[in-house]
$ cat input33.cif   # mmCIF, C-alpha atoms
data_work
#
loop_
_atom_site.label_atom_id
_atom_site.label_comp_id
_atom_site.auth_asym_id
_atom_site.auth_seq_id
_atom_site.Cartn_x
_atom_site.Cartn_y
_atom_site.Cartn_z
CA MET A 1 18.87 23.65 38.45
CA PHE A 2 15.52 22.10 37.55
CA VAL A 3 15.25 18.44 38.55
CA ASP A 4 12.28 16.55 37.15
CA LYS A 5 13.18 12.89 37.68
CA ALA A 6 14.56 11.02 40.67
CA LYS A 7 14.96 7.41 41.79
CA ILE A 8 14.70 6.80 45.53
CA TYR A 9 14.49 3.92 48.00
CA VAL A 10 11.66 3.77 50.52
CA LYS A 11 11.13 1.35 53.40
CA GLY A 12 8.32 1.13 55.91
CA GLY A 13 9.31 0.65 59.54
CA ASP A 14 9.51 -2.88 60.94
CA GLY A 15 6.95 -3.86 63.52
CA GLY A 16 8.06 -4.07 67.15
CA ASP A 17 8.66 -7.49 68.70
CA GLY A 18 6.18 -9.05 71.06
CA ILE A 19 7.64 -10.20 74.39
CA VAL A 20 7.36 -13.08 76.81
CA ALA A 21 6.46 -11.88 80.31
CA PHE A 22 4.45 -13.06 83.31
CA ARG A 23 2.57 -11.33 86.09
CA ARG A 24 4.38 -11.56 89.40
CA GLU A 25 2.37 -9.32 91.71
CA LYS A 26 2.56 -10.27 95.34
CA TYR A 27 -1.14 -10.98 95.86
CA VAL A 28 -2.00 -12.34 92.40
CA PRO A 29 -1.82 -16.15 92.48
CA GLU A 30 -1.12 -17.89 89.17
CA GLY A 31 -0.59 -14.56 87.49
CA GLY A 32 -0.32 -15.94 83.98
CA PRO A 33 1.16 -14.45 80.80
CA ALA A 34 1.47 -10.67 80.48
CA GLY A 35 3.70 -10.06 77.43
CA GLY A 36 2.37 -7.23 75.27
CA ASP A 37 2.33 -6.89 71.48
CA GLY A 38 4.86 -4.84 69.58
CA GLY A 39 3.87 -1.56 67.93
CA LYS A 40 3.27 -1.08 64.22
CA GLY A 41 6.10 0.30 62.08
CA GLY A 42 5.69 3.70 60.45
CA ASP A 43 4.45 4.13 56.88
CA VAL A 44 6.32 6.15 54.24
CA ILE A 45 3.82 8.64 52.83
CA PHE A 46 4.26 11.00 49.88
CA ARG A 47 2.26 14.21 50.35
CA VAL A 48 1.84 17.05 47.84
CA ASP A 49 3.14 20.43 48.93
CA GLU A 50 2.24 23.24 46.53
CA GLY A 51 5.19 25.24 47.84
CA LEU A 52 7.61 22.86 46.06
CA ARG A 53 8.37 23.20 42.37
CA THR A 54 11.23 20.73 41.75
CA LEU A 55 12.57 17.36 42.87
CA MET A 56 15.86 19.00 43.87
CA ASP A 57 15.74 17.66 47.44
CA PHE A 58 15.90 14.08 46.17
CA ARG A 59 19.31 14.68 44.63
CA TYR A 60 20.81 14.81 48.13
CA GLN A 61 18.63 12.30 49.99
CA ARG A 62 17.69 9.11 48.20
CA HIS A 63 16.86 6.77 51.09
CA PHE A 64 13.76 7.16 53.24
CA LYS A 65 13.20 4.69 56.09
CA ALA A 66 10.39 4.99 58.59
CA GLN A 67 11.00 4.14 62.25
CA ARG A 68 10.17 0.72 63.66
CA GLY A 69 7.51 0.12 66.28
CA GLU A 70 8.46 -0.26 69.94
CA LYS A 71 8.69 -3.64 71.60
CA GLY A 72 5.81 -4.88 73.69
CA ARG A 73 5.98 -4.38 77.45
CA ASN A 74 5.13 -6.38 80.50
CA LYS A 75 1.76 -6.09 82.24
CA SER A 76 0.16 -6.68 78.81
CA GLN A 77 1.17 -3.23 77.56
CA HIS A 78 1.24 -2.64 73.83
CA GLY A 79 4.42 -1.13 72.36
CA ALA A 80 3.98 2.31 70.82
CA ASN A 81 3.29 2.58 67.10
CA ALA A 82 5.96 4.44 65.15
CA ASP A 83 5.19 7.81 63.57
CA ASN A 84 4.66 7.85 59.82
CA MET A 85 7.36 9.42 57.66
CA ILE A 86 5.93 12.24 55.53
CA VAL A 87 7.89 12.98 52.35
CA ARG A 88 6.87 16.22 50.61
CA VAL A 89 6.67 16.24 46.81
CA PRO A 90 5.64 18.98 44.35
CA PRO A 91 2.29 18.89 42.53
CA GLY A 92 2.54 17.07 39.23
CA THR A 93 4.63 14.19 40.62
CA VAL A 94 4.02 10.73 39.15
CA VAL A 95 5.18 7.83 41.35
CA ILE A 96 6.29 4.69 39.47
CA ASP A 97 7.40 1.34 40.92
CA ASP A 98 10.90 0.78 39.54
CA ASP A 99 10.57 -3.03 39.36
CA THR A 100 7.13 -3.35 37.74
CA GLN A 101 6.93 0.09 36.06
CA GLU A 102 3.40 0.36 37.48
CA VAL A 103 2.11 3.88 38.10
CA LEU A 104 1.36 3.94 41.83
CA ALA A 105 0.01 7.47 42.02
CA ASP A 106 -0.42 10.67 40.05
CA LEU A 107 -0.20 13.43 42.65
CA THR A 108 -1.70 16.71 41.45
CA ARG A 109 -3.57 18.43 44.31
CA HIS A 110 -2.20 20.14 47.41
CA GLY A 111 -2.47 17.81 50.41
CA GLN A 112 -3.04 14.71 48.28
CA GLN A 113 -1.06 11.77 49.64
CA ILE A 114 -0.21 8.14 48.97
CA VAL A 115 1.28 5.38 51.14
CA VAL A 116 4.21 4.01 49.14
CA ALA A 117 5.69 1.67 51.77
CA ARG A 118 3.60 0.30 54.61
CA GLY A 119 5.04 -0.40 58.02
CA GLY A 120 5.04 -3.93 59.38
CA ARG A 121 2.62 -5.20 62.00
CA GLY A 122 3.84 -5.63 65.52
CA GLY A 123 4.61 -9.12 66.79
CA ARG A 124 2.22 -10.75 69.25
CA GLY A 125 3.23 -11.17 72.87
CA ASN A 126 2.75 -14.40 74.81
CA ILE A 127 -0.61 -13.26 76.19
CA ARG A 128 -2.00 -13.87 72.69
CA PHE A 129 -1.02 -17.54 72.71
CA ALA A 130 -2.59 -18.53 76.04
CA THR A 131 -5.04 -21.44 75.75
CA PRO A 132 -6.76 -23.70 78.28
CA ASN A 133 -4.25 -26.42 77.41
CA ASN A 134 -1.27 -24.05 77.64
CA PRO A 135 -2.18 -21.20 80.02
CA ALA A 136 1.43 -19.97 80.38
CA PRO A 137 3.06 -20.05 76.92
CA GLU A 138 6.64 -18.95 76.48
CA LEU A 139 5.93 -17.91 72.93
CA ALA A 140 6.12 -14.53 71.14
CA GLU A 141 6.59 -13.17 67.62
CA HIS A 142 9.04 -10.84 65.92
CA GLY A 143 7.58 -7.77 64.28
CA GLU A 144 6.72 -7.99 60.62
CA GLU A 145 9.18 -6.37 58.21
CA GLY A 146 8.07 -3.15 56.55
CA GLU A 147 7.56 -2.95 52.81
CA GLU A 148 10.52 -1.73 50.78
CA ARG A 149 10.87 -0.73 47.14
CA TRP A 150 12.65 1.55 44.71
CA VAL A 151 10.38 4.15 43.14
CA VAL A 152 10.92 6.63 40.34
CA LEU A 153 9.50 10.13 40.72
CA GLU A 154 8.70 12.03 37.54
CA LEU A 155 7.65 15.66 37.75
CA LYS A 156 5.41 17.01 35.03
CA VAL A 157 5.07 20.78 35.04
CA MET A 158 1.58 21.88 36.10
CA ALA A 159 0.73 24.62 33.61
CA ASP A 160 -2.39 25.63 31.73
CA VAL A 161 -0.57 26.64 28.55
CA GLY A 162 2.58 25.08 27.14
CA LEU A 163 4.80 26.84 24.60
CA VAL A 164 6.33 24.36 22.15
CA GLY A 165 8.43 24.78 19.03
CA PHE A 166 11.91 24.43 17.59
CA PRO A 167 14.85 26.06 19.42
CA SER A 168 15.24 29.84 19.02
CA VAL A 169 11.74 30.52 17.67
CA GLY A 170 11.01 33.01 20.46
CA LYS A 171 9.24 31.03 23.17
CA SER A 172 11.25 32.45 26.06
CA THR A 173 10.88 35.99 24.73
CA LEU A 174 7.11 35.55 24.48
CA LEU A 175 6.93 34.26 28.08
CA SER A 176 8.99 37.20 29.34
CA VAL A 177 6.68 39.65 27.54
CA VAL A 178 3.37 38.28 28.87
CA SER A 179 4.47 37.45 32.43
CA ALA A 180 6.93 38.44 35.13
CA ALA A 181 9.13 35.42 34.35
CA LYS A 182 12.74 36.19 33.49
CA PRO A 183 13.99 33.19 31.49
CA LYS A 184 17.55 33.16 30.20
CA ILE A 185 17.49 34.30 26.57
CA GLY A 186 20.38 34.06 24.12
CA ALA A 187 21.02 34.03 20.39
CA TYR A 188 21.88 30.34 20.27
CA HIS A 189 20.08 27.01 20.43
CA PHE A 190 19.03 25.48 23.74
CA THR A 191 19.43 28.64 25.77
CA THR A 192 16.49 27.22 27.74
CA ILE A 193 17.41 23.85 29.20
CA THR A 194 14.72 23.70 31.89
CA PRO A 195 11.01 24.59 31.82
CA ASN A 196 10.16 28.14 32.92
CA LEU A 197 6.80 29.01 34.47
CA GLY A 198 5.09 32.38 34.39
CA VAL A 199 1.69 33.63 35.55
CA VAL A 200 -0.10 35.57 32.82
CA ASP A 201 -2.52 38.24 34.10
CA VAL A 202 -5.26 38.63 31.52
CA GLY A 203 -7.21 41.23 33.49
CA GLU A 204 -10.77 41.17 34.81
CA GLY A 205 -9.67 38.70 37.48
CA ARG A 206 -8.50 36.11 34.95
CA SER A 207 -5.05 34.57 34.83
CA PHE A 208 -3.33 31.36 33.81
CA VAL A 209 0.05 29.64 34.13
CA MET A 210 2.22 29.44 31.02
CA ALA A 211 5.22 27.15 30.66
CA ASP A 212 8.08 27.75 28.26
CA LEU A 213 9.01 24.17 27.42
CA PRO A 214 12.57 23.77 26.07
CA GLY A 215 13.06 23.50 22.33
CA LEU A 216 12.26 20.18 20.73
CA ILE A 217 14.12 18.62 17.83
CA GLU A 218 13.39 15.85 15.37
CA GLY A 219 13.55 12.44 17.07
CA ALA A 220 12.62 13.83 20.50
CA HIS A 221 9.99 11.11 21.06
CA GLU A 222 12.83 8.56 20.97
CA GLY A 223 14.85 10.54 23.49
CA VAL A 224 17.03 12.41 20.99
CA GLY A 225 18.51 15.49 22.63
CA LEU A 226 16.57 15.84 25.86
CA GLY A 227 13.34 14.74 24.21
CA HIS A 228 11.72 12.67 26.94
CA GLU A 229 12.70 15.19 29.61
CA PHE A 230 10.79 17.91 27.74
CA LEU A 231 7.88 16.01 26.23
CA ARG A 232 6.58 14.72 29.55
CA HIS A 233 5.70 18.28 30.56
CA VAL A 234 3.51 18.82 27.49
CA GLU A 235 1.14 16.12 28.78
CA ARG A 236 0.08 18.34 31.66
CA THR A 237 -0.88 21.41 29.65
CA ARG A 238 -4.51 22.00 28.67
CA LEU A 239 -3.65 24.21 25.71
CA ILE A 240 -0.64 24.16 23.41
CA ILE A 241 0.69 27.34 21.82
CA HIS A 242 2.91 26.27 18.96
CA VAL A 243 5.43 29.05 18.30
CA VAL A 244 6.67 29.08 14.70
CA ASP A 245 9.43 31.30 13.28
CA MET A 246 7.44 32.72 10.37
CA ALA A 247 10.43 34.69 9.07
CA GLY A 248 12.44 31.50 8.52
CA SER A 249 15.38 33.35 10.04
CA GLU A 250 17.52 30.21 10.26
CA GLY A 251 16.72 28.99 6.78
CA ARG A 252 14.02 26.57 7.92
CA ASP A 253 10.57 26.25 6.38
CA PRO A 254 7.79 27.26 8.85
CA PHE A 255 5.35 24.60 7.61
CA ASP A 256 8.01 21.89 7.81
CA ASP A 257 8.84 23.00 11.39
CA TRP A 258 5.17 22.85 12.38
CA GLN A 259 4.72 19.36 10.93
CA LYS A 260 7.85 17.95 12.55
CA ILE A 261 7.02 19.21 16.05
CA ASN A 262 3.43 17.95 15.79
CA ASP A 263 4.72 14.58 14.65
CA GLU A 264 7.01 14.38 17.68
CA LEU A 265 4.11 15.18 20.00
CA ARG A 266 1.88 12.57 18.36
CA GLN A 267 4.50 9.81 18.48
CA TYR A 268 5.23 10.51 22.14
CA ASN A 269 1.56 10.52 23.17
CA ALA A 270 -1.24 10.07 20.63
CA ASP A 271 -3.62 12.12 22.80
CA LEU A 272 -1.50 15.24 22.23
CA GLU A 273 -2.58 15.28 18.59
CA HIS A 274 -6.09 16.23 19.71
CA ARG A 275 -5.03 18.73 22.38
CA PRO A 276 -6.34 22.28 21.63
CA GLN A 277 -3.61 24.23 19.82
CA ILE A 278 -2.96 27.77 18.64
CA VAL A 279 -0.15 28.56 16.21
CA ALA A 280 1.68 31.74 17.21
CA ALA A 281 3.23 32.95 13.94
CA ASN A 282 6.16 34.78 15.52
CA LYS A 283 8.70 37.31 14.21
CA MET A 284 6.16 39.06 11.98
CA ASP A 285 8.25 42.24 12.23
CA MET A 286 10.93 40.70 10.01
CA PRO A 287 11.13 40.76 6.19
CA GLU A 288 9.40 37.96 4.27
CA ALA A 289 7.32 37.01 7.33
CA ALA A 290 4.02 38.24 5.80
CA GLU A 291 4.65 36.36 2.57
CA ASN A 292 5.57 33.18 4.46
CA LEU A 293 2.43 33.51 6.60
CA GLU A 294 0.12 33.44 3.57
CA LYS A 295 1.90 30.40 2.21
CA PHE A 296 1.76 28.76 5.66
CA ARG A 297 -2.00 29.33 5.98
CA LYS A 298 -2.66 27.61 2.63
CA GLN A 299 -0.45 24.63 3.50
CA VAL A 300 -2.00 24.16 6.95
CA SER A 301 -5.58 24.46 5.64
CA GLU A 302 -4.98 21.35 3.52
CA VAL A 303 -3.93 19.36 6.59
CA ARG A 304 -5.90 20.86 9.47
CA GLY A 305 -8.40 23.47 8.38
CA ASP A 306 -9.69 24.25 11.89
CA LEU A 307 -6.29 25.29 13.25
CA GLU A 308 -6.16 28.83 14.60
CA ILE A 309 -3.16 30.89 13.45
CA MET A 310 -2.37 34.22 15.12
CA PRO A 311 0.42 36.48 13.81
CA ILE A 312 2.55 38.03 16.57
CA SER A 313 5.91 39.63 17.23
CA SER A 314 7.39 39.07 20.69
CA PHE A 315 9.92 41.81 19.94
CA THR A 316 7.42 44.58 19.03
CA ARG A 317 4.55 42.96 21.02
CA GLN A 318 2.34 43.04 17.94
CA GLY A 319 -0.62 40.67 18.42
CA VAL A 320 0.64 39.42 21.80
CA GLN A 321 -2.29 40.78 23.80
CA GLU A 322 -4.78 39.26 21.35
CA LEU A 323 -3.01 35.90 21.72
CA VAL A 324 -3.27 36.09 25.52
CA TYR A 325 -6.99 36.92 25.39
CA ARG A 326 -7.68 34.08 22.96
CA ALA A 327 -5.76 31.59 25.14
CA ALA A 328 -7.75 32.68 28.20
CA ASP A 329 -11.05 32.26 26.32
CA LEU A 330 -10.12 28.75 25.20
CA LEU A 331 -9.02 27.76 28.72
CA ASP A 332 -12.47 28.77 30.00
CA GLN A 333 -13.92 26.14 27.68
CA ILE A 334 -11.45 23.37 28.59
CA PRO A 335 -12.02 21.25 31.76
CA GLU A 336 -9.78 21.97 34.73
CA ALA A 337 -8.93 18.28 35.24
CA PRO A 338 -5.45 17.10 34.25
CA ALA A 339 -5.27 16.02 30.65
CA ILE A 340 -4.02 12.54 31.50
CA GLU A 341 -5.62 9.90 33.69
CA GLU A 342 -5.10 10.47 37.39
CA VAL A 343 -4.49 7.59 39.80
CA THR A 344 -5.27 8.99 43.21
CA GLU A 345 -4.83 6.20 45.70
CA LEU A 346 -2.81 3.00 45.75
CA GLU A 347 -5.71 1.21 47.44
CA GLU A 348 -7.90 1.77 44.39
CA ARG A 349 -5.59 -0.20 42.14
CA LYS A 350 -5.93 -3.94 41.63
CA ILE A 351 -4.20 -5.85 44.40
CA TYR A 352 -2.73 -9.27 43.66
CA LYS A 353 -2.96 -11.61 46.63
CA LEU A 354 -1.20 -14.90 47.11
CA ASP A 355 -3.43 -17.83 46.22
CA LYS A 356 -4.38 -19.70 49.39
CA ARG A 357 -3.70 -23.12 47.89
CA GLU A 358 -0.25 -22.00 46.84
CA ASP A 359 0.30 -20.55 50.33
CA GLU A 360 -0.47 -23.92 51.95
CA GLY A 361 1.78 -25.85 49.59
CA PHE A 362 5.41 -26.90 50.01
CA THR A 363 8.18 -28.56 48.04
CA ILE A 364 10.99 -30.84 49.21
CA ARG A 365 14.28 -31.36 47.44
CA ARG A 366 17.49 -33.06 48.46
CA GLU A 367 21.03 -31.74 48.54
CA ASN A 368 23.46 -34.52 49.45
CA GLU A 369 22.15 -35.82 52.80
CA THR A 370 20.05 -32.72 53.64
CA PHE A 371 16.38 -32.30 52.81
CA ILE A 372 15.42 -28.74 51.82
CA VAL A 373 11.81 -27.78 52.58
CA GLU A 374 10.48 -24.71 50.72
CA SER A 375 7.14 -23.19 51.71
CA VAL A 376 5.91 -19.60 51.72
CA LYS A 377 3.71 -20.21 54.78
CA ILE A 378 6.38 -21.98 56.85
CA GLU A 379 9.16 -19.52 55.99
CA ARG A 380 6.93 -16.57 56.79
CA MET A 381 5.96 -18.17 60.09
CA MET A 382 9.57 -18.94 61.02
CA LYS A 383 10.66 -15.40 60.20
CA ARG A 384 8.15 -14.03 62.71
CA MET A 385 8.38 -16.73 65.40
CA GLN A 386 11.00 -16.31 68.12
CA LEU A 387 12.48 -19.81 67.90
CA ASN A 388 14.35 -19.63 71.18
CA SER A 389 11.81 -21.41 73.37
CA HIS A 390 10.43 -24.93 73.71
CA ASP A 391 6.89 -23.70 72.99
CA ALA A 392 7.98 -22.14 69.69
CA ILE A 393 9.66 -25.39 68.58
CA LEU A 394 6.50 -27.33 69.45
CA LYS A 395 4.36 -24.91 67.43
CA LEU A 396 6.64 -25.29 64.42
CA ALA A 397 6.52 -29.10 64.77
CA ARG A 398 2.71 -29.11 64.89
CA THR A 399 2.53 -26.91 61.80
CA LEU A 400 4.86 -29.22 59.86
CA ARG A 401 2.87 -32.26 60.91
CA HIS A 402 -0.52 -30.74 60.02
CA MET A 403 0.73 -29.62 56.59
CA GLY A 404 1.98 -33.14 55.83
CA VAL A 405 5.66 -32.30 55.77
CA ASP A 406 6.47 -35.13 58.24
CA GLU A 407 4.78 -37.75 56.11
CA GLU A 408 6.38 -36.53 52.90
CA LEU A 409 9.85 -36.55 54.50
CA ARG A 410 9.34 -40.19 55.54
CA LYS A 411 8.32 -41.10 51.99
CA ARG A 412 11.50 -39.46 50.72
CA GLY A 413 13.57 -41.60 53.08
CA ALA A 414 14.15 -39.33 56.07
CA LYS A 415 15.17 -41.21 59.23
CA ASP A 416 16.28 -40.35 62.76
CA GLY A 417 19.05 -37.77 62.60
CA THR A 418 18.49 -36.80 58.94
CA PRO A 419 19.26 -33.07 58.58
CA VAL A 420 16.37 -30.89 57.39
CA ARG A 421 16.67 -27.22 56.44
CA ILE A 422 13.98 -24.57 56.06
CA GLY A 423 15.38 -21.20 55.09
CA ASP A 424 18.32 -20.53 57.43
CA PHE A 425 17.01 -22.88 60.13
CA GLU A 426 18.46 -26.42 60.22
CA PHE A 427 17.40 -29.28 62.50
CA GLU A 428 17.33 -33.09 62.72
CA PHE A 429 14.33 -35.22 61.85
CA VAL A 430 13.07 -37.60 64.58
CA GLU A 431 11.12 -40.65 63.38
CA GLY A 432 7.74 -41.26 64.99
CA SER A 433 7.73 -38.02 66.93
CA SER A 434 6.49 -34.48 66.49
CA TYR A 435 9.63 -33.13 68.12
CA TYR A 436 12.54 -31.58 66.21
CA TYR A 437 15.91 -30.65 67.64
#
$ encode --input "input33.cif" --output "structure tokens"
Amino acid sequence: MFVDKAKIYVKGGDGGDGIVAFRREKYVPEGGPAGGDGGKGGDVIFRVDEGLRTLMDFRYQRHFKAQRGEKGRNKSQHGANADNMIVRVPPGTVVIDDDTQEVLADLTRHGQQIVVARGGRGGRGNIRFATPNNPAPELAEHGEEGEERWVVLELKVMADVGLVGFPSVGKSTLLSVVSAAKPKIGAYHFTTITPNLGVVDVGEGRSFVMADLPGLIEGAHEGVGLGHEFLRHVERTRLIIHVVDMAGSEGRDPFDDWQKINDELRQYNADLEHRPQIVAANKMDMPEAAENLEKFRKQVSEVRGDLEIMPISSFTRQGVQELVYRAADLLDQIPEAPAIEEVTELEERKIYKLDKREDEGFTIRRENETFIVESVKIERMMKRMQLNSHDAILKLARTLRHMGVDEELRKRGAKDGTPVRIGDFEFEFVEGSSYYY
């Protein structure tokens, strides 16, 4: 089964915790702090593997979590950084953030990679907090949490030529004739429900990849049928071969078919209207096909006079070789780059950073007798600080005092013993002191 869309969860590894430790060698007087930093958490990296063709693997595994960094060690030893998690994806994969719908990367080349979830930094050990005033701090940090997000993977078939047209016009038969592909072919609509790829050998060292894209119907650009699932693959092709049933074997008008499919392509992506196109007038071996072809040429010339129309019969192979040669000649004139804009690296995209003034700010509100302090800076600091030591409590108290939280609490009526809560941490305010309990 072809799978071309998947939603998965990714999380970078958490950073390792820093530790509190002291040197206690026999002949080292006043050894001092020796707690090392924690290691960095692993990143989650998507890497293109040209050996993959589908997103099938993501049907069975939807969660990818990198390992966390190791804790710091004594004797000032740094904890080991965690290995990155490499997730292999097929070429043609577009990575989209599920929350913002931002395109994070457009992965097209073998070996191309993108970091989709960064690992957290390791926490600092107590050796980092030593100062002349406090040469032996009992203070360390937790590791930073790794980034986490839901992302949507969309696979767009990487083919040079895309076959489009209404169901049962002969696209699969044409692909089977010009390549070694063996698509399922039947005398009913939607025999093809997934794209089929085939390599067409033109000779003289030339070849190209052709994709039989499943039959489109009216309203496909709005998702009717499996419209969106099919149309996304057309964006990747450099040349469109529009297969039209010139015999009108199902009672449809060839010109009307051609207009409707082109309209669906244009409404899905306006750029597709200008994509190079050849009309393959198929089923020319059937009665009335020649008469319909003349009528079709006149109707098309009034709308798009430069359109190339080539009569063929996939059944008798009439004109098929000429079509292949013409497609190869046109591909030589079309750039190799993907037809849609490529976003190669996440770092190249605009990065929104928290405004510093907003970071330093805080708000205070009251719930019954408890004051609730909300601040990005303080909450981030408390999440990382190991608040199980006297030094850590003193550091928090100094930060609150320097930011003006103490003064604002007094203005709001806080007195000795008034409960104050920041995040999940609750303590009592002490008037005229920088100490909290």
$ resolve_selection --input "input33.cif" --expression "the PyMOL selection byres ((chain A and resi 14-30) around 9)" --output "ChimeraX atom specification"
/A:11-13,31-42,66-76,78-82,119-127,136-147,384
$ residues_around --input "input33.cif" --residues "region 396-410 of chain A" --least-positions-apart "3" --cutoff "12 Å" --atoms "all atoms listed in the file" --output "PyMOL selection string"
chain A and resi 139+357+359-366+370-375+377-393+413-416+418-422+425+427-437
$ atom_distance --input "input33.cif" --atom1 "CA of Ala327 (chain A)" --atom2 "CA of Arg252 (chain A)"
26.7 Å
$ resolve_selection --input "input33.cif" --expression "the PyMOL selection byres ((chain A and resi 318) around 12)" --output "number ranges by chain"
A: 174, 177-178, 280-286, 310-317, 319-324
$ closest_residue --input "input33.cif" --among "A:Pro276, A:Glu235, A:Val300, A:Glu288" --to "Phe255 (chain A)" --atoms "only C-alpha atoms"
A:Val300
$ atom_distance --input "input33.cif" --atom1 "CA of Thr237 (chain A)" --atom2 "CA of Asp329 (chain A)"
15.2 Å
$ closest_residue --input "input33.cif" --among "A:Ala159, A:Val48, A:Ala6, A:Ile114" --to "Arg238 (chain A)" --atoms "all atoms listed in the file"
A:Ala159
$ closest_residue --input "input33.cif" --among "A:Leu107, A:Val95, A:Leu197, A:Leu153" --to "Glu50 (chain A)" --atoms "all atoms listed in the file"
A:Leu107
$ closest_residue --input "input33.cif" --among "A:Glu294, A:Asp106, A:Asp201, A:Glu264" --to "Ala328 (chain A)" --atoms "all atoms listed in the file"
A:Asp201
$ closest_residue --input "input33.cif" --among "A:Gly198, A:Gly111, A:Pro135, A:Gly170" --to "Ala211 (chain A)" --atoms "all atoms listed in the file"
A:Gly198
$ resolve_selection --input "input33.cif" --expression "the PyMOL selection byres ((chain A and resi 164) around 12)" --output "ChimeraX atom specification"
/A:161-163,165-172,174-175,192,195,210-217,230-231,233-235,237,239-245,257-258,260-262,264-265,277-280
$ write_last_selection --input "input33.cif" --atoms "C-alpha atoms" --output "CSV table (one decimal), in the coordinates of the input"
chain,number,residue,atom,x,y,z
A,161,VAL,CA,-0.6,26.6,28.6
A,162,GLY,CA,2.6,25.1,27.1
A,163,LEU,CA,4.8,26.8,24.6
A,165,GLY,CA,8.4,24.8,19.0
A,166,PHE,CA,11.9,24.4,17.6
A,167,PRO,CA,14.8,26.1,19.4
A,168,SER,CA,15.2,29.8,19.0
A,169,VAL,CA,11.7,30.5,17.7
A,170,GLY,CA,11.0,33.0,20.5
A,171,LYS,CA,9.2,31.0,23.2
A,172,SER,CA,11.2,32.4,26.1
A,174,LEU,CA,7.1,35.6,24.5
A,175,LEU,CA,6.9,34.3,28.1
A,192,THR,CA,16.5,27.2,27.7
A,195,PRO,CA,11.0,24.6,31.8
A,210,MET,CA,2.2,29.4,31.0
A,211,ALA,CA,5.2,27.2,30.7
A,212,ASP,CA,8.1,27.8,28.3
A,213,LEU,CA,9.0,24.2,27.4
A,214,PRO,CA,12.6,23.8,26.1
A,215,GLY,CA,13.1,23.5,22.3
A,216,LEU,CA,12.3,20.2,20.7
A,217,ILE,CA,14.1,18.6,17.8
A,230,PHE,CA,10.8,17.9,27.7
A,231,LEU,CA,7.9,16.0,26.2
A,233,HIS,CA,5.7,18.3,30.6
A,234,VAL,CA,3.5,18.8,27.5
A,235,GLU,CA,1.1,16.1,28.8
A,237,THR,CA,-0.9,21.4,29.6
A,239,LEU,CA,-3.6,24.2,25.7
A,240,ILE,CA,-0.6,24.2,23.4
A,241,ILE,CA,0.7,27.3,21.8
A,242,HIS,CA,2.9,26.3,19.0
A,243,VAL,CA,5.4,29.0,18.3
A,244,VAL,CA,6.7,29.1,14.7
A,245,ASP,CA,9.4,31.3,13.3
A,257,ASP,CA,8.8,23.0,11.4
A,258,TRP,CA,5.2,22.8,12.4
A,260,LYS,CA,7.8,18.0,12.6
A,261,ILE,CA,7.0,19.2,16.0
A,262,ASN,CA,3.4,18.0,15.8
A,264,GLU,CA,7.0,14.4,17.7
A,265,LEU,CA,4.1,15.2,20.0
A,277,GLN,CA,-3.6,24.2,19.8
A,278,ILE,CA,-3.0,27.8,18.6
A,279,VAL,CA,-0.2,28.6,16.2
A,280,ALA,CA,1.7,31.7,17.2
$ closest_residue --input "input33.cif" --among "A:Asp256, A:Asp97, A:Asp83, A:Asp43" --to "Lys7 (chain A)" --atoms "only C-alpha atoms"
A:Asp97
$ atom_distance --input "input33.cif" --atom1 "CA of Lys156 (chain A)" --atom2 "CA of Gly203 (chain A)"
27.4 Å
$ residues_around --input "input33.cif" --residues "Arg88 (chain A)" --least-positions-apart "5" --cutoff "12 Å" --atoms "only C-alpha atoms" --output "list in words"
Val44, Ile45, Phe46, Arg47, Val48, Asp49, Glu50, Gly51, Leu52, Arg53, Thr54, Leu55, Met56, Asp57, Phe58, Phe64, Thr93, Leu107, His110, Gly111, Gln112, Gln113, Ile114 and Leu153 of chain A
$ residues_around --input "input33.cif" --residues "Tyr9 (chain A)" --least-positions-apart "4" --cutoff "8 Å" --atoms "all atoms listed in the file" --output "list in words"
Arg62, His63, Phe64, Glu148, Arg149, Trp150 and Val151 of chain A
$ residues_around --input "input33.cif" --residues "Val202 (chain A)" --least-positions-apart "4" --cutoff "7 Å" --atoms "all atoms listed in the file" --output "list in words"
Arg206, Ser207, Val324 and Tyr325 of chain A
